[in-house]
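Participant: Pasting in a structure now, in structure tokens, and then I'll have a few things to ask.
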Amino acid sequence: MNKHEESFRYGWYCLQLDAHNNSINKGFWPRVERTSEEDAMKIALMHQELSEVLEALRVPEEKSEKISEYTKVEEELADVVIRVMSFAGRYGLRIPDAVVAKMMYNLTRPHKHGKKF
């Protein structure tokens, strides 16, 4: 593991804990037990944030009203990451480890694999 990977993992896990604790404190995780309905709602909220990114891209230079030193696109992408972090924190998911592993795997893939965008 190189120093960048180690820093990324450590930083992510710290922020993941903060994001999830804030979500708990703000009432977004009211139950202790896991339910499929709650999971579905959290995934839908991640999707909603991505839709807000798409909407913000209509005027990509527009400044955020909440964090004025950033654009609306940056703010909405941050919301996506925060929701992912909270979900991962709830279920102990190893997202930063998976990101590093997936990036390493992607290095082995051919150019435009699957002919996607």
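Chain labels A, B, ... are given in the sequence in which chains occur in the structure tokens; within each chain residues are numbered consecutively from 1, and ligands are likewise numbered from 1 in the order shown.
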Would you please extract all alpha helix (DSSP H) residues from region 15-56 of chain A, as assigned by DSSP on the backbone, and give them as an mmCIF file with C-alpha atoms, in the first residue's frame?
Facilitator:
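Contents of part-v1.cif, freshly written:
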data_model
loop_
_atom_site.group_PDB
_atom_site.id
_atom_site.type_symbol
_atom_site.label_atom_id
_atom_site.label_comp_id
_atom_site.auth_asym_id
_atom_site.auth_seq_id
_atom_site.Cartn_x
_atom_site.Cartn_y
_atom_site.Cartn_z
ATOM 1 C CA LEU A 15 -15.032 11.254 7.493
ATOM 2 C CA GLN A 16 -17.324 8.239 7.099
ATOM 3 C CA LEU A 17 -17.653 8.034 10.866
ATOM 4 C CA ASP A 18 -18.327 11.776 11.094
ATOM 5 C CA ALA A 19 -20.882 11.669 8.262
ATOM 6 C CA HIS A 20 -22.727 8.729 9.763
ATOM 7 C CA ASN A 21 -22.716 10.160 13.290
ATOM 8 C CA ASN A 22 -24.084 13.451 11.961
ATOM 9 C CA SER A 23 -26.814 11.553 10.091
ATOM 10 C CA ILE A 24 -27.749 9.747 13.305
ATOM 11 C CA ASN A 25 -27.773 12.996 15.285
ATOM 12 C CA SER A 36 -35.011 -3.369 3.246
ATOM 13 C CA GLU A 37 -37.362 -0.376 3.064
ATOM 14 C CA GLU A 38 -34.854 1.826 4.862
ATOM 15 C CA ASP A 39 -32.043 0.579 2.611
ATOM 16 C CA ALA A 40 -34.141 1.305 -0.483
ATOM 17 C CA MET A 41 -34.901 4.818 0.747
ATOM 18 C CA LYS A 42 -31.217 5.537 1.388
ATOM 19 C CA ILE A 43 -30.309 4.319 -2.118
ATOM 20 C CA ALA A 44 -33.102 6.469 -3.572
ATOM 21 C CA LEU A 45 -31.711 9.482 -1.709
ATOM 22 C CA MET A 46 -28.267 8.820 -3.218
ATOM 23 C CA HIS A 47 -29.923 8.715 -6.619
ATOM 24 C CA GLN A 48 -31.748 11.966 -5.862
ATOM 25 C CA GLU A 49 -28.439 13.659 -5.089
ATOM 26 C CA LEU A 50 -27.041 12.445 -8.419
ATOM 27 C CA SER A 51 -30.101 13.915 -10.142
ATOM 28 C CA GLU A 52 -29.360 17.202 -8.404
ATOM 29 C CA VAL A 53 -25.821 17.061 -9.824
ATOM 30 C CA LEU A 54 -27.299 16.588 -13.283
ATOM 31 C CA GLU A 55 -29.569 19.585 -12.758
ATOM 32 C CA ALA A 56 -26.650 21.689 -11.487
#
Participant: Go ahead and compute the interatomic distance for CA of Gly27 (chain A) and CA of Ile95 (chain A), in Å to one decimal.
Facilitator: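 Distance between the two atoms: 23.2 Å.
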Participant: Which residues come within 9 Å of region 6-8 of chain A, counting only C-alpha atoms, excluding same-chain residues fewer than 5 positions away, as a list in words?
Facilitator: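 In the requested form, the answer reads Met1, Tyr13, Pro96 and Val100 of chain A.
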Participant: For the residues in that selection, give me N, CA, C and O atoms as an mmCIF file, in the first residue's frame.
Facilitator:
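So the final result, stored in part_36.cif, reads:
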data_model
loop_
_atom_site.group_PDB
_atom_site.id
_atom_site.type_symbol
_atom_site.label_atom_id
_atom_site.label_comp_id
_atom_site.auth_asym_id
_atom_site.auth_seq_id
_atom_site.Cartn_x
_atom_site.Cartn_y
_atom_site.Cartn_z
ATOM 1 N N MET A 1 0.847 -1.169 0.000
ATOM 2 C CA MET A 1 0.000 0.000 0.000
ATOM 3 C C MET A 1 0.899 1.240 0.000
ATOM 4 O O MET A 1 1.795 1.352 0.829
ATOM 5 N N TYR A 13 -12.259 6.826 6.254
ATOM 6 C CA TYR A 13 -12.893 6.203 7.413
ATOM 7 C C TYR A 13 -13.216 7.231 8.500
ATOM 8 O O TYR A 13 -14.262 7.144 9.146
ATOM 9 N N PRO A 96 -13.442 2.660 1.040
ATOM 10 C CA PRO A 96 -12.133 3.108 0.550
ATOM 11 C C PRO A 96 -11.250 1.947 0.105
ATOM 12 O O PRO A 96 -10.509 2.072 -0.878
ATOM 13 N N VAL A 100 -9.815 1.562 -3.835
ATOM 14 C CA VAL A 100 -8.411 1.306 -4.198
ATOM 15 C C VAL A 100 -8.314 0.010 -5.000
ATOM 16 O O VAL A 100 -7.648 -0.037 -6.047
#
Participant: What does the distance from CA of Glu74 (chain A) to CA of Leu57 (chain A) come to in Å, to one decimal?
Facilitator: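 These two atoms are separated by 9.9 Å.
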Participant: Show which residues sit within 12 Å of Lys66 (chain A), as a list in words. Count only C-alpha atoms, and ignore same-chain residues fewer than 4 positions away.
Facilitator: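 Counting only C-alpha atoms, the residues come to Glu62, Tyr70, Thr71, Lys72, Glu74, Glu75, Glu76 and Asp79 of chain A.
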Participant: Write the residues of the selection above to a file with C-alpha atoms, as a short mmCIF file (atom, residue, chain, number, x, y, z; two decimals), in the first residue's frame.
Facilitator:
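New file part02.cif:
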data_model
loop_
_atom_site.label_atom_id
_atom_site.label_comp_id
_atom_site.auth_asym_id
_atom_site.auth_seq_id
_atom_site.Cartn_x
_atom_site.Cartn_y
_atom_site.Cartn_z
CA GLU A 62 -23.25 28.55 -10.64
CA TYR A 70 -17.87 26.10 -4.23
CA THR A 71 -20.07 25.55 -7.26
CA LYS A 72 -23.49 23.96 -7.07
CA GLU A 74 -19.34 20.52 -6.26
CA GLU A 75 -21.90 20.88 -3.49
CA GLU A 76 -24.23 18.27 -4.96
CA ASP A 79 -23.88 15.41 -0.96
#
